[in-house]
Amino acid sequence: MSETIWLIPLIPLLSSVTLMLVGTRLKASQVGALGVGSVGISALLTLLLATEFMQNQQVIQLSLWTWMEVAGFAPGISFYFDGLTLVMMSVITGVGFLIHLFSTEFMEKDPSYARYFAYLNMFVAAMLVLVMADNLLLLYLGWEGVGVCSYLLVGFWYQHNANGYAARKAFIVTRIGDTAMAMGLLLLFTELGTLDIQTMVGEADQTWQVGATVPTIACLLLVCGAVGKSAQLPLHTWLPDAMAGPTPVSALIHAATMVTAGVYLIARTHELFLLAPIAMTVVAVIGITTSLMAAFTALMQTDIKRILAYSTISQIGYMFLALGVGAWSAGIFHLMTHAFFKALLFLGSGAIIHCLHHEHNIFKMGGLRTRMPVTFWSFMIGSSALAALPMTSGFFSKDQILLQAYQFPEIGPGLWVAGLLGALLTAIYSFRLVFVVFFGSVNTEPDKDTGWRMAVPLSILCLLAMVGGWFMIPVSEVFPASDGSHPAHWVEYVSISVPIVGVLVAYLIFYTGQLKVDRLANSSFGKSLGKLWLSGWGIDLLYDRLFVKPYYGLANKLKSEPVDALYGLIVTINQTLNQWLSSAQSGRMRWYIASMVAGLILVIMLAANLPEGAL
Amino acid sequence: MNATMFSALAPILMLSLTAVVLMIQASIKRDQSVAWVITAVGFLLTLWSASYARDFIQPVTILLEVDHWSLFFTSLILMASLVTLVLSKETFSSEGERKEEYYLLLVLSVLGAVVLIQSSHMVSLLLGMELMGVALYAMIAFPERGQLPLEGAVKYLVLSACASAMLLYGFALIYAATGELSYAGIGARAALAYAENPMLMMAGSAMVLAGIGFKLSVAPFHMWTPDVYEGAPTPVTGFLATVSKSAVFVALSRFYIDGALYQFSGLNTALVVLAIASMLVGNWLALRQKNIKRLLAYSSIAHFGYLLVVLIALTYLEADLVSQSITFYLTAYIVTTLAAFTIVSMVAGEDTAKQNISAFAGLFWSRPLEASALTVAMLSLAGIPLTAGFMAKFFVITVGIQSGLWGLLAVLVIASAIAIYYYLRIIFAMTQSAQSSGNSANWQEKLAAIVLMASILALGSWPQPFIAYAGLL
Amino acid sequence: MDGLNIPLNHILLVSSLLFAIGMLGLMIRRNIIFILMSLEVMLNAAALAFVAAGAHWGQPDGQVVFMLILTVAAAEVAVGLGLVLQVQKRFKTLDMDDANRMQG
Amino acid sequence: MVMINLILILLIGGLLAMLSERISDTMPRKVAMVVVLTDLVYLLLCLSGMPEITQLQAPVANDPSTWLMHFKTDWIPAFGISIELALDGISLLMVLLTLILGAIAISASWTDIVVRKGFFEANLLWSLAGVLGVFMALDLMLFFLFWEVMLIPMYFMIAIWGHENRGYAAMKFFIFTQASGLLMLMSILALVAVNQSATGIWTFSYFDLLNTQMTEQAAHWIMLGFFIAFVVKLPGFPFHTWLPDAHTQAPTAGSVILAGILLKTGAYGLIRFAVPLFPEAALDFSSAAMWLGAAGVVYGAVLAFGQTDFKRLIAYSSVSHMGFVLLGIYAWNELALQGAVMQMVAHGFSTAALFMIAGSLQERLHTRDMREMSGLWQQMPRMGAVAMFFVVASLGLPGLGNFVAEFLVLLGLFQVNIWITVVAATGLITGAAYSLLLMQRSFQGQANQKWVDSGLVDFGTREMLTMAVMIVALIFLGIYPQPVLDAAQPVLQSLLNLTTSPTVAIVEVM
Amino acid sequence: MLEIVFFYIAATVALMATVMAMTRPNAIHALIYLIVSLLAVAVIFFLIGAPFAAALEIVIYAGAIMVLFVFVIMMLNLGEKGNKQERQWLQPSIWAGPAILSAILLIELILVISQTNGPVSVAAVSAKQVGLSLFGPYVLAVEIASMLLLAGLVGSFHLGRRYLDRDNLEKQGGQ
């Protein structure tokens, strides 16, 4: 098996290429079979690989060919496989498979069915390359590849300009991070002479002291990439807009896999980060700040997908927090559980949207509990996990993170408190969603409940969201063991109880209405705060003013080519001289003679060196 | 005078003989075609006699110096004159009576040019120039009708006479300073005369320069050029632009070299100023000119500016490379300019409206041969490789670099860059679609066009034989 | 008769004055006949300078050139006057500023 | 002789193509295609017959006998000018690129050109011949000759078959390149004169001139002449302004050749002549050159973003991309140089393809204004998909040729100057901005009813085949660039041996 | 001594006459002034030992060439109207610029010439000497001059005769 792991990304890729080339001539069922089947095979292969790995714990390194070899720079098309990779691959192929399956029903009416699966398969392939890459350059290939696929899928319904805008925004914002990350790669290669992750970290250990400048800068640059891809502050603005894509895409790319690539990157290069404590602190602070910011924002959203999008940002913030405090495996664990429950929530919302004729506003929904029972239960389970109610998968992972954050030196307790606040908010907004959508009066009548191709993935994901917390992820070999100390018990109790309080609050406000927040909400402060949260703290607006508008303005200003104006000036000078001289060419003989005489005077003056010569 | 001297004078004698035969013919029976044939035969015989005279090179009296260089140019201008002759037939066949004089004047003018080329003395310089000029006045004003030829002739006569007066006065001053009239004599005494009375010598040379500069239409003595070019019948313009100018330039360079004038820095400064002015002014004037003959006039101003660079380089280099460069440049210039005027004559004739560049639109499709030839000529004038004009410019730049004339070369580059614009304008016009004009040309003209185009390309792409030949001069 | 006592520069001075006057005439007159006359003056000035220089060096060459200048002047004037006739015929004027069809 | 034949086949083929118009209207393009393919096959056959090709030996830069091919015969012995052609890895790459893109250009002209087809194909072939000459000539005079002469057919292509503003564009193109060419001529002659005064021999041979000794000042000035000439052609900021006009106005095949091949001659000249002939001067100048390159990258990208004309946008993107080449060359270490070479090849394909798409759009819509387009994907999905491919290629998606190039350049550059690298890297972001905008405005968005009604025709087999060639090429370059790198490596190494690298350790400052 | 006085008188006359010739509105008057100037120059020639030149000046220049002018002026029949026009044209605004130019040129020439010194000549150059050199070393010049005259002849013949032809034709047509 270990020799054939290259098949895992290749099969979806081939399927994608096939769909691109001949997709339009295939029947919908064939397209579906190809699209789902290819990922299914990959998932199966991953499963095989996993069983093998569980037995022998053997790290696989496989080099296919040298990508390029220039002056000692010799990245290969080569794969590296260990427990971390396995976790990621399982999530990608497993959740990916479910989402593909879900899509066959969700997208079946779409005229560009084949194109959709082509993109989606390509995404899976690129994502697999990303996580399997042995060196940072190949990782970067996958990294950019998923970016492009994300772009293509967000703008899948290209007929609407807004979708195109969202897609471009997603690509360009992440590209900013990517470029910084590329700079990080340049720096790492220049300093260490390789981009092979394993060799590199070995080198780094020998070359650098803990806290040295170069690794700090390199890590910060990598963080920039991670921040972009994982939609963290300050590059998070693309993700809510990216909801313009089909909902299964949001589930796969913008919840389960791609957006967590940043987390993966940092985890993968954690040895470097260990050399750069400052960078780690930065990661933690970014994580917790983002988490809070997004949670507040999610509170005010009315679009079901945007709520989930901000929730994703918030949850990834937790993962960053985990990475920042050195809780590597907790971070990855949360990545996995989050993939389960967030995919579940997105697919659930997809089902709702599908059945409600593309209705996104939660206040136009309501009372769906009885109309769409499968979806309701999916949401219930998903939201519980998201809110980290005890015994759900989210509970285990988030709890770990909070506890480890508490132990972080110096700012640990602060991080913990903030994390708790985030958890409270998470519980509130997730159950706000549940109460508003599924309880109360029916505002829009759904067509029907989901078909089996939607129901099956939902059910499986429900299961995973419930029990995912009991999985043991095989990353103990990858990450350094934690010191095993535990904080005081009260910390644990508080951590457990906060989400429950949050659910209660949500219940009181949005279900029974006993807790009146209207007065607060209608006060001028409340209003403006609400507005601020609704707009995601106004960051979009700020960026628009700071970067987008000026760039458009600059491009518009320069459109007329100021440099060319310079050459235009030369032309004008020549034309003017031409005019002057032409008008001197008056045709009058006396004038001609005068010019000759003047010329004669000049020539004599020059030749005989007059007037100085005479004196 | 002895027999070998007469042999050395063969070209001059042959031309004079042709003139006499033409007069006799006119007195017996006036017939244009007979006159044409006589002139053609006369030119061909002269051409032959020029190579015959090669074996007898020597100074002939104090006035003329028959050497390889002058014989080469003699042949060259005779070939140019033959082309002029070919073009003239069609042009003047529409004239009324008595067009035979034209051929006589042409022969006399060529004679003047030959004398000018072979001159080694102020007197022969003066006489050659005047002979050429006086015949040209009449040739320019030859057409029976129309105001432009006449106006051109008057302007040329008056301004040219004014220039001659300057030239003569300059000669007089040089003579007063040195007591010599032959180039060699002046060269021998120049340094001494300069030591005695620097200003007289310099002022005299400057006035000579001005007088000759007029004929070369070097700025600021260029004003006449466009008017005369436009006014004159096209074949005459071609003759004026090529034969007259190159003969004068050859005479100037001989005067400059033999008279050892290059040693005077003041004169050199004056030349530098004239060269720069010509390069820039010529090209600036041509930029937006619509009449192609005027445009070519302006272009010629610039070209003699380029050529002056070579003369300036004399101060720093031995005369060999310089005279080689002059040879190549003038040859290229004559061939190219003649080609241009041949095509203008074939396409536009004497019709002012047709001389407008916009009237050349679509020539590529209606008359591909003419258009190709004109394109090649324009590219050559612009100095694009594979054409004679490029090799010519190559010589100039080489000479300039070897003399370290960086400022001049910088101006040359700027000027050439400006020049590309208007040469291209003509080419561009020809490529654009337009209604075709149905003129047709006779076979001699077509042959001339083909030969000239081929020579431009040959000189540009395989100049070695020519350089080897010119190196022997 | 000998001209021992006349300084060369005085004669040249006279000739240069003549030259300048001729040139002035050339520049201020519009009538072509006057223009031709001015040219004659200039040529004459040059001739005077030549003869003077020849006398200065005691050579006959100056006078030879003078003769040739005469020839030149004659030829030029002959053609020039021919042109004058044509100008009068075709332009109906002798004013050269008026007989001006080409410019630019 | 092989090299002479290569050029002659194209020259004579051009004549044949012109004459074949008399046989039938469609004949010229077929003849032209056959001629170019013949040339290509001929070259490949000759190469396969050579033992060296399997293991490109490292040529010694100033020893012609170690080159792949070398040919020399007298031309103008009076000045030591000879017809000297030689081929090494880089030249070979460029020649192959030229011939392949030549075939593609002919395909692009298939239906685009409706009048005077014979003359068009002839001009196309002649300009290819000129470009081949540029890539092979090693006598400086001969090089200059090809350099200038290849412009004339190009001029005709723009002036005769160009779009609405062709006169202006053609003129601007010609004057810019000619004026800079004159500077180069001056420099060549100055170099030769310096050499002549030192050795007493007139020679224009690259191999002889490589070792010319000259004063620092002379070297600076002479190098500047070469530099400007090449940078104008490249085009580098601020000499690029001819390019948007020329590219926009040229017929499709002309744009393909201009962008795909002609720009490369500038880069080739820099690599072959401007730096090796004046190593010290180039070193002193490198930082200025790199800043120009970085400025070009950014400036081109910003201007591309502001355009509404489809072709103009691509043209400015070329300015941006070729900025990387300039950066790569003047960073002058193996990584960056390989990147530059790679960029030359990859940009050739990606931009040529985009111009072909632009041409196809123009042919169908009779406009290049993107404000008139929108949602074209719906009617022309194949074209849209292809366009998407080349757009992402041009924005530097890893896995495609352009990425390899840009990354190598940045990698090499980073070792020389970090801040320039930072500036240049912003080109990756701005590049994404304009590329995606292009896609958005033309193929995405609401379909314009005008085009829906007029029933547009999607890409046909010929077009798709042509595109496939370029797609395959770019993917190949992207995931297995080694053949190209291997071809260039020994040459670059030998050039690097001639010079000292400007590489300075930099990271200590951090 | 006397020669010098004569010289100055002759020079003054020549200059004055020339100035007059240049400024007269009437062509015939101007021409007569010009002839006076030429005669005065002939006197100078005589004074500096060039009697042959003096004779030629009178015979050919004043005699032949000027008569040509007279013929033409008479043919053209320039009347009083022409004179008036000429007077109008001779305004200061017209001659000021040229006068300045001429003055500058003159100053230059004077500067140049004033540095010359020495007397004109030791001995007169006789007609015989001139003749000998004319048909000695300058014999070719004479031949070429003949060609020059031929060119002038043919040219003026061509131009002038056409003028007469047309005149005659018009007269015949009128009758």
# chains A, B, ... in the order shown; residues from 1 in each chain; ligands from 1
$ closest_atom_pairs --of "segment 365-469 of chain D" --to "segment 166-190 of chain A" --cutoff "9 Å" --atoms "only C-alpha atoms" --output "Markdown table"
| residue | atom | partner | partner_atom | distance |
| --- | --- | --- | --- | --- |
| D:Phe407 | CA | A:Ala182 | CA | 8.4 |
| D:Leu410 | CA | A:Leu186 | CA | 7.4 |
| D:Leu411 | CA | A:Leu186 | CA | 5.5 |
| D:Gly412 | CA | A:Leu186 | CA | 8.7 |
| D:Phe414 | CA | A:Leu186 | CA | 6.7 |
| D:Gln415 | CA | A:Thr190 | CA | 6.6 |
| D:Thr421 | CA | A:Met183 | CA | 8.3 |
| D:Val422 | CA | A:Met183 | CA | 7.6 |
| D:Ala425 | CA | A:Thr179 | CA | 6.6 |
| D:Thr426 | CA | A:Thr179 | CA | 7.3 |
| D:Leu428 | CA | A:Thr179 | CA | 6.8 |
| D:Ile429 | CA | A:Arg175 | CA | 6.0 |
| D:Thr430 | CA | A:Ile172 | CA | 8.3 |
| D:Ala432 | CA | A:Ile172 | CA | 6.4 |
| D:Ala433 | CA | A:Ile172 | CA | 6.5 |
| D:Leu436 | CA | A:Arg168 | CA | 6.5 |
| D:Leu437 | CA | A:Arg168 | CA | 7.9 |
| D:Gln440 | CA | A:Arg168 | CA | 8.6 |
$ write_last_selection --atoms "all heavy atoms" --output "short mmCIF file (atom, residue, chain, number, x, y, z; two decimals), in the first residue's frame"
data_model
loop_
_atom_site.label_atom_id
_atom_site.label_comp_id
_atom_site.auth_asym_id
_atom_site.auth_seq_id
_atom_site.Cartn_x
_atom_site.Cartn_y
_atom_site.Cartn_z
N PHE D 407 8.83 31.47 -9.29
CA PHE D 407 9.37 31.07 -8.00
C PHE D 407 10.90 31.02 -8.04
O PHE D 407 11.57 31.48 -7.11
CB PHE D 407 8.80 29.70 -7.59
CG PHE D 407 9.06 29.38 -6.15
CD1 PHE D 407 8.25 29.91 -5.16
CD2 PHE D 407 10.13 28.59 -5.78
CE1 PHE D 407 8.50 29.65 -3.84
CE2 PHE D 407 10.38 28.32 -4.44
CZ PHE D 407 9.56 28.85 -3.47
N LEU D 410 12.23 34.48 -7.92
CA LEU D 410 12.15 35.06 -6.58
C LEU D 410 13.18 34.41 -5.65
O LEU D 410 13.81 35.07 -4.84
CB LEU D 410 10.74 34.88 -6.01
CG LEU D 410 9.67 35.73 -6.69
CD1 LEU D 410 8.30 35.40 -6.14
CD2 LEU D 410 9.96 37.21 -6.50
N LEU D 411 13.33 33.12 -5.83
CA LEU D 411 14.27 32.40 -4.98
C LEU D 411 15.69 32.93 -5.18
O LEU D 411 16.43 33.18 -4.22
CB LEU D 411 14.20 30.92 -5.32
CG LEU D 411 14.66 29.93 -4.26
CD1 LEU D 411 13.95 30.18 -2.96
CD2 LEU D 411 14.39 28.51 -4.73
N GLY D 412 16.04 33.07 -6.46
CA GLY D 412 17.37 33.58 -6.74
C GLY D 412 17.51 35.02 -6.28
O GLY D 412 18.53 35.43 -5.72
N PHE D 414 15.94 36.55 -3.97
CA PHE D 414 15.92 36.69 -2.52
C PHE D 414 17.33 36.65 -1.95
O PHE D 414 17.64 37.32 -0.97
CB PHE D 414 15.07 35.56 -1.92
CG PHE D 414 14.72 35.76 -0.48
CD1 PHE D 414 13.62 36.51 -0.14
CD2 PHE D 414 15.49 35.22 0.53
CE1 PHE D 414 13.28 36.72 1.19
CE2 PHE D 414 15.16 35.41 1.86
CZ PHE D 414 14.05 36.17 2.18
N GLN D 415 18.17 35.89 -2.61
CA GLN D 415 19.54 35.78 -2.12
C GLN D 415 20.34 37.03 -2.42
O GLN D 415 21.44 37.20 -1.93
CB GLN D 415 20.21 34.56 -2.74
CG GLN D 415 19.44 33.30 -2.40
CD GLN D 415 20.00 32.09 -3.09
OE1 GLN D 415 20.97 32.16 -3.81
NE2 GLN D 415 19.37 30.95 -2.86
N THR D 421 12.79 41.69 -3.76
CA THR D 421 11.98 40.48 -3.80
C THR D 421 10.59 40.76 -3.24
O THR D 421 9.58 40.31 -3.81
CB THR D 421 12.63 39.37 -2.97
OG1 THR D 421 14.02 39.37 -3.24
CG2 THR D 421 12.04 38.03 -3.32
N VAL D 422 10.56 41.50 -2.16
CA VAL D 422 9.26 41.79 -1.56
C VAL D 422 8.38 42.56 -2.54
O VAL D 422 7.22 42.22 -2.76
CB VAL D 422 9.44 42.60 -0.26
CG1 VAL D 422 8.10 43.09 0.25
CG2 VAL D 422 10.13 41.75 0.79
N ALA D 425 7.29 40.37 -5.30
CA ALA D 425 6.31 39.35 -4.90
C ALA D 425 4.91 39.92 -4.85
O ALA D 425 3.94 39.19 -5.06
CB ALA D 425 6.69 38.78 -3.54
N THR D 426 4.80 41.22 -4.63
CA THR D 426 3.45 41.78 -4.65
C THR D 426 2.83 41.60 -6.02
O THR D 426 1.61 41.63 -6.17
CB THR D 426 3.45 43.28 -4.31
OG1 THR D 426 4.28 43.93 -5.26
CG2 THR D 426 3.95 43.53 -2.93
N LEU D 428 2.58 38.95 -7.48
CA LEU D 428 1.76 37.74 -7.45
C LEU D 428 0.33 38.08 -7.06
O LEU D 428 -0.63 37.49 -7.57
CB LEU D 428 2.34 36.74 -6.44
CG LEU D 428 3.75 36.24 -6.72
CD1 LEU D 428 4.20 35.29 -5.63
CD2 LEU D 428 3.81 35.54 -8.06
N ILE D 429 0.21 39.04 -6.15
CA ILE D 429 -1.13 39.42 -5.69
C ILE D 429 -1.84 40.23 -6.77
O ILE D 429 -2.96 39.93 -7.19
CB ILE D 429 -1.04 40.24 -4.40
CG1 ILE D 429 -0.29 39.44 -3.34
CG2 ILE D 429 -2.42 40.63 -3.92
CD1 ILE D 429 0.16 40.26 -2.17
N THR D 430 -1.14 41.28 -7.21
CA THR D 430 -1.77 42.13 -8.23
C THR D 430 -2.02 41.34 -9.49
O THR D 430 -2.99 41.59 -10.20
CB THR D 430 -0.87 43.33 -8.52
OG1 THR D 430 0.46 42.87 -8.65
CG2 THR D 430 -0.93 44.33 -7.39
N ALA D 432 -2.93 38.26 -9.64
CA ALA D 432 -4.19 37.56 -9.45
C ALA D 432 -5.35 38.52 -9.67
O ALA D 432 -6.35 38.18 -10.31
CB ALA D 432 -4.25 36.98 -8.05
N ALA D 433 -5.18 39.76 -9.19
CA ALA D 433 -6.28 40.71 -9.31
C ALA D 433 -6.66 40.95 -10.76
O ALA D 433 -7.83 40.83 -11.13
CB ALA D 433 -5.90 42.02 -8.63
N LEU D 436 -7.98 37.63 -12.73
CA LEU D 436 -9.33 37.20 -12.43
C LEU D 436 -10.35 38.22 -12.91
O LEU D 436 -11.45 37.88 -13.33
CB LEU D 436 -9.48 36.96 -10.92
CG LEU D 436 -8.54 35.86 -10.41
CD1 LEU D 436 -8.77 35.63 -8.93
CD2 LEU D 436 -8.75 34.56 -11.17
N LEU D 437 -9.94 39.47 -12.90
CA LEU D 437 -10.84 40.49 -13.41
C LEU D 437 -11.11 40.27 -14.89
O LEU D 437 -12.24 40.42 -15.38
CB LEU D 437 -10.21 41.88 -13.19
CG LEU D 437 -11.17 43.03 -13.40
CD1 LEU D 437 -12.21 43.04 -12.30
CD2 LEU D 437 -10.42 44.35 -13.41
N GLN D 440 -13.54 37.57 -15.14
CA GLN D 440 -14.85 38.01 -14.68
C GLN D 440 -15.55 38.82 -15.77
O GLN D 440 -16.71 38.58 -16.09
CB GLN D 440 -14.69 38.85 -13.42
CG GLN D 440 -15.96 39.51 -12.94
CD GLN D 440 -16.95 38.49 -12.43
OE1 GLN D 440 -16.56 37.50 -11.84
NE2 GLN D 440 -18.22 38.72 -12.70
#
$ interface_residues --of "chain A" --to "chain C" --cutoff "6 Å" --atoms "only C-alpha atoms" --output "ChimeraX atom specification"
/A:582-583,585-588,590
$ interface_residues --of "chain A" --to "chain D" --cutoff "7 Å" --atoms "only C-alpha atoms" --output "VMD selection string"
chain A and resid 67 to 71 141 144 158 to 161 164 168 172 175 to 176 179 186 190 213 to 214 555 to 556 558 to 559 563 to 564
$ interface_residues --of "chain C" --to "chain B" --cutoff "6 Å" --atoms "only C-alpha atoms" --output "compact mmCIF listing (two decimals) with all heavy atoms, in the first residue's frame"
# COMPACT_ATOMS: atom_id res chain seq x y z
N MET C 42 27.54 92.21 -55.49
CA MET C 42 28.29 91.27 -54.64
C MET C 42 29.40 90.59 -55.41
O MET C 42 30.53 90.45 -54.93
CB MET C 42 27.34 90.22 -54.05
CG MET C 42 26.46 90.76 -52.95
SD MET C 42 25.20 89.59 -52.46
CE MET C 42 26.20 88.45 -51.53
N LEU C 43 29.05 90.16 -56.60
CA LEU C 43 30.09 89.51 -57.42
C LEU C 43 31.22 90.47 -57.70
O LEU C 43 32.40 90.12 -57.68
CB LEU C 43 29.48 89.00 -58.72
CG LEU C 43 28.61 87.74 -58.59
CD1 LEU C 43 27.95 87.42 -59.92
CD2 LEU C 43 29.45 86.55 -58.13
N ALA C 46 33.50 90.74 -54.83
CA ALA C 46 34.42 89.61 -54.77
C ALA C 46 35.53 89.78 -55.80
O ALA C 46 36.72 89.52 -55.53
CB ALA C 46 33.67 88.31 -55.01
N ALA C 49 38.08 92.16 -54.61
CA ALA C 49 38.95 91.54 -53.61
C ALA C 49 39.99 90.67 -54.29
O ALA C 49 41.17 90.66 -53.92
CB ALA C 49 38.12 90.73 -52.63
N PHE C 50 39.55 89.93 -55.28
CA PHE C 50 40.48 89.05 -55.98
C PHE C 50 41.59 89.84 -56.66
O PHE C 50 42.79 89.52 -56.56
CB PHE C 50 39.74 88.21 -57.03
CG PHE C 50 39.59 86.78 -56.62
CD1 PHE C 50 38.36 86.23 -56.35
CD2 PHE C 50 40.73 85.98 -56.49
CE1 PHE C 50 38.24 84.93 -55.95
CE2 PHE C 50 40.61 84.66 -56.10
CZ PHE C 50 39.36 84.14 -55.82
N ALA C 53 43.95 91.13 -54.15
CA ALA C 53 44.82 90.10 -53.61
C ALA C 53 45.88 89.71 -54.63
O ALA C 53 47.06 89.51 -54.29
CB ALA C 53 44.00 88.89 -53.20
N TRP C 57 49.99 89.94 -54.19
CA TRP C 57 50.99 88.89 -54.38
C TRP C 57 51.77 89.07 -55.69
O TRP C 57 52.64 88.25 -55.99
CB TRP C 57 50.35 87.51 -54.38
CG TRP C 57 49.73 87.17 -53.05
CD1 TRP C 57 48.41 87.16 -52.76
CD2 TRP C 57 50.42 86.80 -51.86
NE1 TRP C 57 48.21 86.81 -51.46
CE2 TRP C 57 49.45 86.58 -50.87
CE3 TRP C 57 51.79 86.65 -51.52
CZ2 TRP C 57 49.77 86.22 -49.57
CZ3 TRP C 57 52.09 86.27 -50.23
CH2 TRP C 57 51.09 86.07 -49.26
N MET C 102 5.16 78.42 -53.05
CA MET C 102 5.58 77.24 -52.29
C MET C 102 6.08 77.65 -50.91
O MET C 102 6.86 78.58 -50.78
CB MET C 102 6.70 76.51 -53.03
CG MET C 102 6.25 75.90 -54.33
SD MET C 102 7.55 75.03 -55.16
CE MET C 102 8.59 76.34 -55.73
$ residues_around --residues "Thr71 of chain C" --least-positions-apart "6" --cutoff "8 Å" --atoms "only C-alpha atoms" --output "PyMOL selection string"
chain E and resi 145+148-149
$ write_last_selection --atoms "N, CA, C and O atoms" --output "JSON list (two decimals), in the first residue's frame"
[["chain", "number", "residue", "atom", "x", "y", "z"],
["E", 145, "ALA", "N", 34.99, 77.77, -69.26],
["E", 145, "ALA", "CA", 34.20, 79.00, -69.26],
["E", 145, "ALA", "C", 33.38, 79.10, -70.53],
["E", 145, "ALA", "O", 32.24, 79.57, -70.52],
["E", 148, "LEU", "N", 30.48, 77.20, -70.00],
["E", 148, "LEU", "CA", 29.60, 77.93, -69.10],
["E", 148, "LEU", "C", 28.79, 78.96, -69.87],
["E", 148, "LEU", "O", 27.57, 79.08, -69.69],
["E", 149, "LEU", "N", 29.47, 79.65, -70.73],
["E", 149, "LEU", "CA", 28.76, 80.65, -71.52],
["E", 149, "LEU", "C", 27.74, 79.98, -72.43],
["E", 149, "LEU", "O", 26.64, 80.49, -72.63]]
$ residues_around --residues "Met66 of chain E" --least-positions-apart "6" --cutoff "9 Å" --atoms "only C-alpha atoms" --output "short mmCIF file (atom, residue, chain, number, x, y, z; two decimals) with all heavy atoms, in the first residue's frame"
data_model
loop_
_atom_site.label_atom_id
_atom_site.label_comp_id
_atom_site.auth_asym_id
_atom_site.auth_seq_id
_atom_site.Cartn_x
_atom_site.Cartn_y
_atom_site.Cartn_z
N MET C 37 20.57 92.93 -59.72
CA MET C 37 21.59 93.99 -59.64
C MET C 37 22.41 93.83 -58.37
O MET C 37 23.64 93.96 -58.40
CB MET C 37 20.93 95.35 -59.64
CG MET C 37 20.48 95.81 -61.00
SD MET C 37 20.06 97.55 -60.85
CE MET C 37 18.58 97.63 -61.75
N LEU E 31 20.23 101.50 -62.28
CA LEU E 31 21.20 100.89 -63.18
C LEU E 31 22.32 101.86 -63.52
O LEU E 31 23.51 101.49 -63.55
CB LEU E 31 20.47 100.47 -64.46
CG LEU E 31 21.10 99.35 -65.24
CD1 LEU E 31 21.25 98.12 -64.34
CD2 LEU E 31 20.25 99.02 -66.44
N ILE E 32 21.94 103.12 -63.71
CA ILE E 32 22.97 104.10 -64.06
C ILE E 32 23.91 104.31 -62.88
O ILE E 32 25.12 104.34 -63.02
CB ILE E 32 22.30 105.42 -64.50
CG1 ILE E 32 21.65 105.17 -65.86
CG2 ILE E 32 23.32 106.55 -64.59
CD1 ILE E 32 20.72 106.26 -66.32
N LEU E 34 24.61 102.10 -60.79
CA LEU E 34 25.42 100.87 -60.74
C LEU E 34 26.57 100.97 -61.72
O LEU E 34 27.72 100.59 -61.42
CB LEU E 34 24.54 99.67 -61.06
CG LEU E 34 25.16 98.30 -60.80
CD1 LEU E 34 25.67 98.21 -59.37
CD2 LEU E 34 24.13 97.21 -61.06
N ILE E 35 26.27 101.51 -62.88
CA ILE E 35 27.34 101.67 -63.88
C ILE E 35 28.41 102.61 -63.35
O ILE E 35 29.61 102.36 -63.48
CB ILE E 35 26.76 102.15 -65.21
CG1 ILE E 35 25.91 101.03 -65.83
CG2 ILE E 35 27.86 102.58 -66.17
CD1 ILE E 35 25.09 101.44 -67.01
N ILE E 60 33.16 94.91 -70.39
CA ILE E 60 32.21 93.81 -70.25
C ILE E 60 31.15 94.10 -69.20
O ILE E 60 29.96 93.99 -69.46
CB ILE E 60 32.94 92.50 -69.93
CG1 ILE E 60 33.87 92.14 -71.09
CG2 ILE E 60 31.93 91.38 -69.69
CD1 ILE E 60 34.68 90.90 -70.89
#
